[in-house]
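Let me begin by presenting the structure, written as structure tokens, before commenting on it.
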Amino acid sequence: MGMVIEITPLQSSTAGRLQGQTDRSPLIAVEDLHVHFQLGRHDVLRAVNGVSFDVNAGEVFGIIGESGSGKSTVARVLVGLLNPTEGTVLHDGVVLAKLRSREFRSVRRGYQIVFQDPEGALNPRMTVLQSVREPLDIAGVGSSQDRNQAAMTCLEQVGLGSDFAGRYPHQLSGGQKQRVNIARVLTMQPKLVVCDEAVAALDVSIQAEIINLFSELKYRLGLTYVFISHDLNVVAHISDRVAVMYLGRLVEVSPVEQLLASPMHPYTQALLRSRPSPVPASLREKRQPALTGEIPNAISYPDGCAFQSRCPQATALCAAEVPVWRSAESGHWVACHFAGQNQKTQSK
Amino acid sequence: MKRLLDVESPAAPLLKVEDLSVFFRTGAGEVQATDSISFSLAPGERLGIVGESGCGKTVTGLALLGLLPRFLTRVTGKAYFEGNDLIAMKRSQLRAISGRRLAMIFQEPMRALDPVFTIGEQISETLRAHMSIGKREARNKVIDALAEVGIPSPARRYDDYPHTLSGGMQQRVMIAMALICKPRLLIADEPTTALDVTVQAQIIDLLQRLSESTGTALIFITHDLGVVAELCTRVLIAYAGQVVEDSPIETVYRAPRHPYTSGLFRSMPSLGIRGTVLPSIGGRVPSLGNMPSGCRFRERCGYAQPVCLVKPELQPSGDACVRCVRTHEITLPGAVERAGNGV
């Protein structure tokens, strides 16, 4: 049975903040974020080109996209490592860029990030304990003994016992190093942890352990995550809502079940199709052909829809106009001129 | 190299690897990276070698092509390629066939391409090193090869430098270069790992199409069980330097015989099981210098028994070969039922 989807174009710009289903004010509110990098005299790289979304306290907000789509740039803005070129980002109602440096540092402590390469994020000449207590040392919390105590507690929370405290990074496996990085982040008792490809460099069995650790910490400590990855399987496993990013813009935001069951943007549909499934070809339906073409360059940014060069459904309208955000079902947003017209939606 | 084409019968394996072991010389003495890897490959077959980092899959590929530094490594065993032992070959002999009869592509195309030559020059260099053909003819062949791997306007692209191409296009150039002399065997080491998922799907389709149309056999080294399922006809699962399972693709995904293989499948996050705890394998791969005696997976294995203290051999089991003494006593979950695509 097909379900009729009603497409409602957005009227006001405030409705453009893609809200989840709670009434509380969001922990993070991003509105029309642009981040541009000047390259040489004439070229401007538009890494992020008009992105709006909210992250509610306690949820896991996934961002998926290919390399060059701007997802890591968004991550850096969320933790105050980069300033927006245009647009606003509210951290619990506060604009980080407007704070004085002292306030800025104390507010920013609540927003932490875990990077992709666990090795590169650790100082090879510091022991695990030194690395984990370093943020506390910088923040100047309590006595030296308090800081050691706090660091040890965090190490225990990530499953590393006291026998790891004196070790150096080269004595740890990749998974253990990533645990140390997570412990460091926990010392600041963050409101939000941004995980930027935090499991991409790990082997599959280790990756599973770290994903489980993230889930466990979320429930134990009430953390909020922005979980960024190129791997749809990983994002879908851990997230409550998922945003699909393409060339500096979001193309679809949706609760994860709806996104998997009825993806509306042609790019999301292609991502779901391209995902290699661990079932041999002879034992399942034939996969549809992959997308042709490649992600365009963010320097010569196209007019109209960013996906038009690879989209099987692109028309003249797509080259002329940037598609506006529309809401299909509650909480499911898509930016495509033809979304909802060209495919059936599966009913549950 | 006159005997190269002496293949006795069509059923003879293209490549037969016997007890291939690689040793690294380190400051603390020699460590063994791979332990008696054996497998054979028929013409046109697509074999996946799957394992986690450090399991010896890349080292095996490099050893076959003689690409390991000789002063730091020692390779024992045999690898008969079209009847000739690659391991015993002199450098000059190996150089005459690599690039022509067998070729390799790597994970990072940007590092494998020379930034100061155009892509056309680099591909035609391979061609002209192995065949006596003129520059103009080589150029035409290269343009055909670029078109074959799906590079748009290949005649113009011939004169482009590598940095002007995207990662996916660079990997296509590498594939064109590897296949320009129509090799019988292509070894691909994680060729899609650095690429985006939609581009990865294109490259896998391309490799599959080319291997089917030219009959080139493929050894596909990867950690990604999903990619293997898309592309390969047979899989070797490697763990801690040993082959633990050698199975046809349907068998391994439906009913893996080794607990490690099953553990790999179960720890993959997959759509539709959101919010559950992923079953992880637990523990870690033993280090090269400190391999346990007996079964190397024993300490991480949920099925281990005292009998596992004895070193297991790779034994035939149905249409597969498995290195596990308990394989007939245990039933292991595979990937097929979990993905919900019931057979």
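Quick note on naming: the chains in the structure tokens go A, B, ... in the order shown, residues restart at 1 in each chain, and ligands are numbered from 1 in order of appearance.
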Sorted by chain and rising residue number, list the residues of chain B at most 9 Å from chain A (counting only C-alpha atoms), each with its closest atom pair and distance in Å to one decimal, as a Markdown table.
```
| residue | atom | partner | partner_atom | distance |
| --- | --- | --- | --- | --- |
| B:Gly51 | CA | A:Asp203 | CA | 8.8 |
| B:Glu52 | CA | A:Asp203 | CA | 5.7 |
| B:Ser53 | CA | A:Asp203 | CA | 6.8 |
| B:Ser166 | CA | A:Glu294 | CA | 8.0 |
| B:Gly168 | CA | A:Glu294 | CA | 7.8 |
| B:Met169 | CA | A:Glu294 | CA | 8.7 |
| B:Leu195 | CA | A:Ser67 | CA | 8.2 |
| B:Asp196 | CA | A:Glu66 | CA | 5.6 |
| B:Val197 | CA | A:Ser274 | CA | 6.3 |
| B:Thr198 | CA | A:Ser274 | CA | 5.4 |
| B:Val199 | CA | A:Glu294 | CA | 7.3 |
| B:Gln200 | CA | A:Ser274 | CA | 8.0 |
| B:Ala201 | CA | A:Ser274 | CA | 5.6 |
| B:Gln202 | CA | A:Ala290 | CA | 5.8 |
| B:Asp205 | CA | A:Ala290 | CA | 8.1 |
| B:His223 | CA | A:Asp203 | CA | 7.6 |
| B:Asp224 | CA | A:Val204 | CA | 8.3 |
| B:Leu225 | CA | A:Pro278 | CA | 5.9 |
| B:Gly226 | CA | A:Pro278 | CA | 4.1 |
| B:Val227 | CA | A:Pro276 | CA | 5.5 |
| B:Val228 | CA | A:Pro278 | CA | 7.9 |
| B:Ala229 | CA | A:Pro280 | CA | 4.4 |
| B:Glu230 | CA | A:Ala281 | CA | 5.9 |
| B:Leu231 | CA | A:Ala281 | CA | 8.1 |
| B:Cys232 | CA | A:Pro280 | CA | 8.4 |
| B:Thr233 | CA | A:Pro280 | CA | 8.7 |
| B:Ile249 | CA | A:Pro280 | CA | 6.5 |
| B:Glu250 | CA | A:Pro280 | CA | 6.2 |
| B:Tyr253 | CA | A:Val279 | CA | 6.4 |
| B:Arg254 | CA | A:Val279 | CA | 8.3 |
| B:Gly263 | CA | A:Ser205 | CA | 7.7 |
| B:Leu264 | CA | A:Ser205 | CA | 6.3 |
| B:Phe265 | CA | A:Pro278 | CA | 8.0 |
| B:Arg266 | CA | A:Ser205 | CA | 8.7 |
| B:Ser267 | CA | A:Ser205 | CA | 5.5 |
| B:Met268 | CA | A:Val204 | CA | 6.3 |
| B:Pro269 | CA | A:Asn233 | CA | 5.6 |
| B:Ser270 | CA | A:Asn233 | CA | 5.2 |
| B:Leu271 | CA | A:Asn233 | CA | 5.7 |
| B:Gly272 | CA | A:His237 | CA | 7.8 |
| B:Ile273 | CA | A:His237 | CA | 6.8 |
| B:Arg274 | CA | A:His237 | CA | 4.4 |
| B:Gly275 | CA | A:His237 | CA | 6.1 |
| B:Thr276 | CA | A:His237 | CA | 8.1 |
| B:Val277 | CA | A:Asn212 | CA | 5.9 |
| B:Leu278 | CA | A:Ala208 | CA | 5.7 |
| B:Pro279 | CA | A:Ala208 | CA | 7.1 |
| B:Ser280 | CA | A:Ser205 | CA | 5.4 |
| B:Ile281 | CA | A:Ser205 | CA | 5.8 |
| B:Gly282 | CA | A:Ser205 | CA | 7.7 |
| B:Arg284 | CA | A:Ser173 | CA | 8.1 |
| B:Ala335 | CA | A:Pro278 | CA | 6.3 |
| B:Val336 | CA | A:Val279 | CA | 5.7 |
| B:Ala339 | CA | A:Val279 | CA | 7.4 |
| B:Asn341 | CA | A:Arg284 | CA | 6.4 |
| B:Gly342 | CA | A:Leu283 | CA | 8.3 |
| B:Val343 | CA | A:Leu283 | CA | 6.4 |
```
Counting only C-alpha atoms, what is within 7 Å of Leu332 in chain B, bar same-chain residues fewer than 2 positions away, as a short mmCIF file (atom, residue, chain, number, x, y, z; two decimals) with all heavy atoms, in the first residue's frame?
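See part_15.cif below for the written result:
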```cif
data_model
loop_
_atom_site.label_atom_id
_atom_site.label_comp_id
_atom_site.auth_asym_id
_atom_site.auth_seq_id
_atom_site.Cartn_x
_atom_site.Cartn_y
_atom_site.Cartn_z
N ALA B 255 27.57 -20.11 5.49
CA ALA B 255 27.95 -20.95 6.63
C ALA B 255 29.45 -20.95 6.80
O ALA B 255 30.14 -21.86 6.35
CB ALA B 255 27.44 -22.37 6.41
N PRO B 256 30.01 -19.90 7.43
CA PRO B 256 31.45 -19.88 7.65
C PRO B 256 31.87 -21.05 8.54
O PRO B 256 31.09 -21.47 9.39
CB PRO B 256 31.69 -18.53 8.33
CG PRO B 256 30.38 -18.15 8.91
CD PRO B 256 29.34 -18.74 8.02
N ARG B 257 33.09 -21.53 8.32
CA ARG B 257 33.50 -22.71 9.07
C ARG B 257 34.46 -22.37 10.19
O ARG B 257 34.71 -23.19 11.05
CB ARG B 257 34.20 -23.71 8.12
CG ARG B 257 33.35 -24.17 6.97
CD ARG B 257 32.40 -25.25 7.45
NE ARG B 257 31.36 -25.50 6.47
CZ ARG B 257 31.52 -26.28 5.41
NH1 ARG B 257 32.65 -26.89 5.21
NH2 ARG B 257 30.54 -26.47 4.57
N PRO B 259 35.58 -19.92 13.43
CA PRO B 259 34.98 -18.96 14.37
C PRO B 259 35.41 -17.52 14.10
O PRO B 259 34.62 -16.59 14.32
CB PRO B 259 35.49 -19.43 15.74
CG PRO B 259 35.81 -20.86 15.56
CD PRO B 259 36.25 -21.03 14.14
N SER B 262 33.24 -16.07 11.26
CA SER B 262 31.92 -15.77 11.77
C SER B 262 31.94 -14.51 12.65
O SER B 262 31.05 -13.67 12.57
CB SER B 262 31.41 -16.98 12.57
OG SER B 262 30.15 -16.71 13.08
N ILE B 330 30.91 -27.55 15.53
CA ILE B 330 30.23 -26.29 15.83
C ILE B 330 29.50 -25.77 14.60
O ILE B 330 29.90 -26.01 13.47
CB ILE B 330 31.24 -25.23 16.34
CG1 ILE B 330 32.40 -25.08 15.35
CG2 ILE B 330 31.75 -25.58 17.71
CD1 ILE B 330 33.48 -24.13 15.79
N GLY B 334 26.43 -17.05 9.77
CA GLY B 334 27.07 -16.34 8.66
C GLY B 334 26.48 -14.96 8.49
O GLY B 334 25.97 -14.38 9.44
#
```
For this session: Name the residues in contact with Asp303 in chain A at a cut-off of 12 Å, using only C-alpha atoms, excluding same-chain residues fewer than 4 positions from it; report them as JSON, numbers by chain.
Result: {"A": [49, 296, 298, 299, 307, 308, 309, 316, 317, 318, 319, 320, 321, 322, 323]}
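Using only C-alpha atoms, the contacts of Ala155 in chain B at a cut-off of 10 Å, with sequence neighbours closer than 6 positions omitted, comprise Gly120, Arg139, Asn140, Val142, Ile143, Asp144, Leu146 and Ala147 of chain B.
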Every residue of range 89-215 of chain A that DSSP places in strand (DSSP E or B), as a PDB file with C-alpha atoms, in the first residue's frame:
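Printed below is selection-v3.pdb as written:
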```pdb
ATOM      1  CA  VAL A  89      25.702  28.585  15.368  1.00  0.00           C
ATOM      2  CA  LEU A  90      24.129  28.642  18.818  1.00  0.00           C
ATOM      3  CA  HIS A  91      25.720  26.467  21.482  1.00  0.00           C
ATOM      4  CA  VAL A  94      25.277  31.217  23.030  1.00  0.00           C
ATOM      5  CA  VAL A  95      27.250  32.418  19.995  1.00  0.00           C
ATOM      6  CA  TYR A 111      31.953  20.747  23.188  1.00  0.00           C
ATOM      7  CA  GLN A 112      34.564  18.124  22.429  1.00  0.00           C
ATOM      8  CA  ILE A 113      35.731  16.222  19.389  1.00  0.00           C
ATOM      9  CA  VAL A 114      37.216  12.785  18.701  1.00  0.00           C
ATOM     10  CA  LEU A 192      28.349  17.383  23.112  1.00  0.00           C
ATOM     11  CA  VAL A 193      30.930  15.050  21.614  1.00  0.00           C
ATOM     12  CA  VAL A 194      31.567  15.334  17.895  1.00  0.00           C
ATOM     13  CA  CYS A 195      32.913  12.064  16.488  1.00  0.00           C
ATOM     14  CA  ASP A 196      34.596  12.869  13.181  1.00  0.00           C
TER      15      ASP A 196
END
```
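The two atoms in question, CA of Leu39 in chain A and CA of Arg172 in chain B, are spaced 28.0 Å apart.
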Polymer residues at most 8 Å from Arg184 in chain A, only C-alpha atoms, same-chain spacing of 2 or more positions, as a PDB file with all heavy atoms, in the first residue's frame:
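Contents of around.pdb, as written:
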```pdb
ATOM      1  N   SER A 131      48.446  12.195  29.042  1.00  0.00           N
ATOM      2  CA  SER A 131      47.586  12.653  27.950  1.00  0.00           C
ATOM      3  C   SER A 131      46.171  12.910  28.439  1.00  0.00           C
ATOM      4  O   SER A 131      45.548  13.899  28.057  1.00  0.00           O
ATOM      5  CB  SER A 131      47.535  11.606  26.840  1.00  0.00           C
ATOM      6  OG  SER A 131      48.669  11.692  26.045  1.00  0.00           O
ATOM      7  N   VAL A 132      45.670  12.007  29.267  1.00  0.00           N
ATOM      8  CA  VAL A 132      44.278  12.128  29.689  1.00  0.00           C
ATOM      9  C   VAL A 132      44.103  13.291  30.663  1.00  0.00           C
ATOM     10  O   VAL A 132      43.087  13.979  30.648  1.00  0.00           O
ATOM     11  CB  VAL A 132      43.773  10.796  30.294  1.00  0.00           C
ATOM     12  CG1 VAL A 132      42.383  10.947  30.868  1.00  0.00           C
ATOM     13  CG2 VAL A 132      43.775   9.716  29.231  1.00  0.00           C
ATOM     14  N   ARG A 133      45.117  13.546  31.496  1.00  0.00           N
ATOM     15  CA  ARG A 133      44.923  14.637  32.460  1.00  0.00           C
ATOM     16  C   ARG A 133      45.326  15.995  31.895  1.00  0.00           C
ATOM     17  O   ARG A 133      45.059  17.028  32.505  1.00  0.00           O
ATOM     18  CB  ARG A 133      45.628  14.377  33.791  1.00  0.00           C
ATOM     19  CG  ARG A 133      47.117  14.202  33.715  1.00  0.00           C
ATOM     20  CD  ARG A 133      47.712  14.212  35.103  1.00  0.00           C
ATOM     21  NE  ARG A 133      48.030  15.596  35.503  1.00  0.00           N
ATOM     22  CZ  ARG A 133      48.605  15.918  36.652  1.00  0.00           C
ATOM     23  NH1 ARG A 133      48.878  14.991  37.537  1.00  0.00           N
ATOM     24  NH2 ARG A 133      48.888  17.170  36.933  1.00  0.00           N
ATOM     25  N   GLU A 134      45.916  16.008  30.716  1.00  0.00           N
ATOM     26  CA  GLU A 134      46.357  17.274  30.137  1.00  0.00           C
ATOM     27  C   GLU A 134      45.224  18.310  30.020  1.00  0.00           C
ATOM     28  O   GLU A 134      45.416  19.473  30.385  1.00  0.00           O
ATOM     29  CB  GLU A 134      47.021  17.042  28.775  1.00  0.00           C
ATOM     30  CG  GLU A 134      47.753  18.282  28.286  1.00  0.00           C
ATOM     31  CD  GLU A 134      48.312  18.129  26.877  1.00  0.00           C
ATOM     32  OE1 GLU A 134      47.815  17.248  26.142  1.00  0.00           O
ATOM     33  OE2 GLU A 134      49.201  18.894  26.510  1.00  0.00           O
ATOM     34  N   PRO A 135      44.040  17.918  29.525  1.00  0.00           N
ATOM     35  CA  PRO A 135      42.960  18.921  29.462  1.00  0.00           C
ATOM     36  C   PRO A 135      42.626  19.490  30.835  1.00  0.00           C
ATOM     37  O   PRO A 135      42.354  20.692  30.974  1.00  0.00           O
ATOM     38  CB  PRO A 135      41.769  18.142  28.906  1.00  0.00           C
ATOM     39  CG  PRO A 135      42.323  16.914  28.289  1.00  0.00           C
ATOM     40  CD  PRO A 135      43.623  16.634  28.953  1.00  0.00           C
ATOM     41  N   ALA A 151      41.293  11.752  35.997  1.00  0.00           N
ATOM     42  CA  ALA A 151      41.769  11.113  34.770  1.00  0.00           C
ATOM     43  C   ALA A 151      41.626   9.601  34.868  1.00  0.00           C
ATOM     44  O   ALA A 151      41.221   8.931  33.914  1.00  0.00           O
ATOM     45  CB  ALA A 151      43.223  11.493  34.510  1.00  0.00           C
ATOM     46  N   CYS A 154      38.103   8.537  34.289  1.00  0.00           N
ATOM     47  CA  CYS A 154      37.747   8.557  32.866  1.00  0.00           C
ATOM     48  C   CYS A 154      38.338   7.356  32.137  1.00  0.00           C
ATOM     49  O   CYS A 154      37.700   6.782  31.259  1.00  0.00           O
ATOM     50  CB  CYS A 154      38.214   9.846  32.211  1.00  0.00           C
ATOM     51  SG  CYS A 154      37.321  11.275  32.819  1.00  0.00           S
ATOM     52  N   VAL A 180      41.784   5.974  24.672  1.00  0.00           N
ATOM     53  CA  VAL A 180      42.474   7.044  25.406  1.00  0.00           C
ATOM     54  C   VAL A 180      41.950   8.409  24.950  1.00  0.00           C
ATOM     55  O   VAL A 180      41.669   9.290  25.763  1.00  0.00           O
ATOM     56  CB  VAL A 180      44.004   6.952  25.201  1.00  0.00           C
ATOM     57  CG1 VAL A 180      44.698   8.152  25.835  1.00  0.00           C
ATOM     58  CG2 VAL A 180      44.538   5.660  25.779  1.00  0.00           C
ATOM     59  N   ASN A 181      41.781   8.572  23.633  1.00  0.00           N
ATOM     60  CA  ASN A 181      41.254   9.842  23.123  1.00  0.00           C
ATOM     61  C   ASN A 181      39.858  10.123  23.658  1.00  0.00           C
ATOM     62  O   ASN A 181      39.517  11.266  23.956  1.00  0.00           O
ATOM     63  CB  ASN A 181      41.231   9.825  21.589  1.00  0.00           C
ATOM     64  CG  ASN A 181      42.615   9.977  20.998  1.00  0.00           C
ATOM     65  OD1 ASN A 181      43.381  10.830  21.437  1.00  0.00           O
ATOM     66  ND2 ASN A 181      42.949   9.146  20.038  1.00  0.00           N
ATOM     67  N   ILE A 182      39.059   9.071  23.772  1.00  0.00           N
ATOM     68  CA  ILE A 182      37.706   9.254  24.301  1.00  0.00           C
ATOM     69  C   ILE A 182      37.782   9.631  25.785  1.00  0.00           C
ATOM     70  O   ILE A 182      37.058  10.512  26.257  1.00  0.00           O
ATOM     71  CB  ILE A 182      36.860   7.991  24.069  1.00  0.00           C
ATOM     72  CG1 ILE A 182      36.703   7.739  22.560  1.00  0.00           C
ATOM     73  CG2 ILE A 182      35.483   8.124  24.715  1.00  0.00           C
ATOM     74  CD1 ILE A 182      36.163   6.377  22.206  1.00  0.00           C
ATOM     75  N   LEU A 186      36.280  12.899  27.839  1.00  0.00           N
ATOM     76  CA  LEU A 186      35.360  12.773  28.973  1.00  0.00           C
ATOM     77  C   LEU A 186      35.801  13.590  30.177  1.00  0.00           C
ATOM     78  O   LEU A 186      34.972  13.979  31.003  1.00  0.00           O
ATOM     79  CB  LEU A 186      35.226  11.305  29.391  1.00  0.00           C
ATOM     80  CG  LEU A 186      34.596  10.364  28.366  1.00  0.00           C
ATOM     81  CD1 LEU A 186      34.479   8.965  28.955  1.00  0.00           C
ATOM     82  CD2 LEU A 186      33.227  10.861  27.934  1.00  0.00           C
ATOM     83  N   THR A 187      37.109  13.881  30.295  1.00  0.00           N
ATOM     84  CA  THR A 187      37.574  14.653  31.448  1.00  0.00           C
ATOM     85  C   THR A 187      36.893  16.007  31.531  1.00  0.00           C
ATOM     86  O   THR A 187      36.777  16.589  32.593  1.00  0.00           O
ATOM     87  CB  THR A 187      39.097  14.909  31.382  1.00  0.00           C
ATOM     88  OG1 THR A 187      39.386  15.566  30.153  1.00  0.00           O
ATOM     89  CG2 THR A 187      39.878  13.624  31.479  1.00  0.00           C
ATOM     90  N   MET A 188      36.440  16.531  30.393  1.00  0.00           N
ATOM     91  CA  MET A 188      35.830  17.860  30.369  1.00  0.00           C
ATOM     92  C   MET A 188      34.329  17.797  30.605  1.00  0.00           C
ATOM     93  O   MET A 188      33.649  18.810  30.494  1.00  0.00           O
ATOM     94  CB  MET A 188      36.117  18.538  29.021  1.00  0.00           C
ATOM     95  CG  MET A 188      37.572  18.862  28.797  1.00  0.00           C
ATOM     96  SD  MET A 188      38.142  20.237  29.818  1.00  0.00           S
ATOM     97  CE  MET A 188      38.967  19.405  31.141  1.00  0.00           C
TER      98      MET A 188
END
```
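Residues in contact with Leu65 in chain B at up to 10 Å, not including ones fewer than 6 positions away on its chain and judged by only C-alpha atoms, are Leu86, Ile87, Leu94, Arg95, Ile97, Ser98, Gly99, Leu102, Ala103, Met104 and Ile187 of chain B.
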Exercise. Which residue gives the smallest distance to Glu245 in chain B among B:Val50, B:Cys301, B:Ile119, B:Leu62, with only C-alpha atoms counted?
Worked result: B:Val50
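For the set B:Gly318, B:Gly66, B:Gly289, B:Gly29, the residue with the smallest atom-to-atom gap to Arg91 in chain B is B:Gly66, counting only C-alpha atoms.
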Exercise. Counting only C-alpha atoms, what is within 12 Å of Leu186 in chain B, bar same-chain residues fewer than 4 positions away, as a PyMOL selection string?
Worked result: chain B and resi 14-15+41+43-48+61+64-65+98-106+174-182+191+207-208+210-211+214-221
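Restricting the calculation to only C-alpha atoms, the smallest distance between Leu27 in chain A and any of A:Ser300, A:Ser254, A:Thr224, A:Thr315 is found for A:Thr224.
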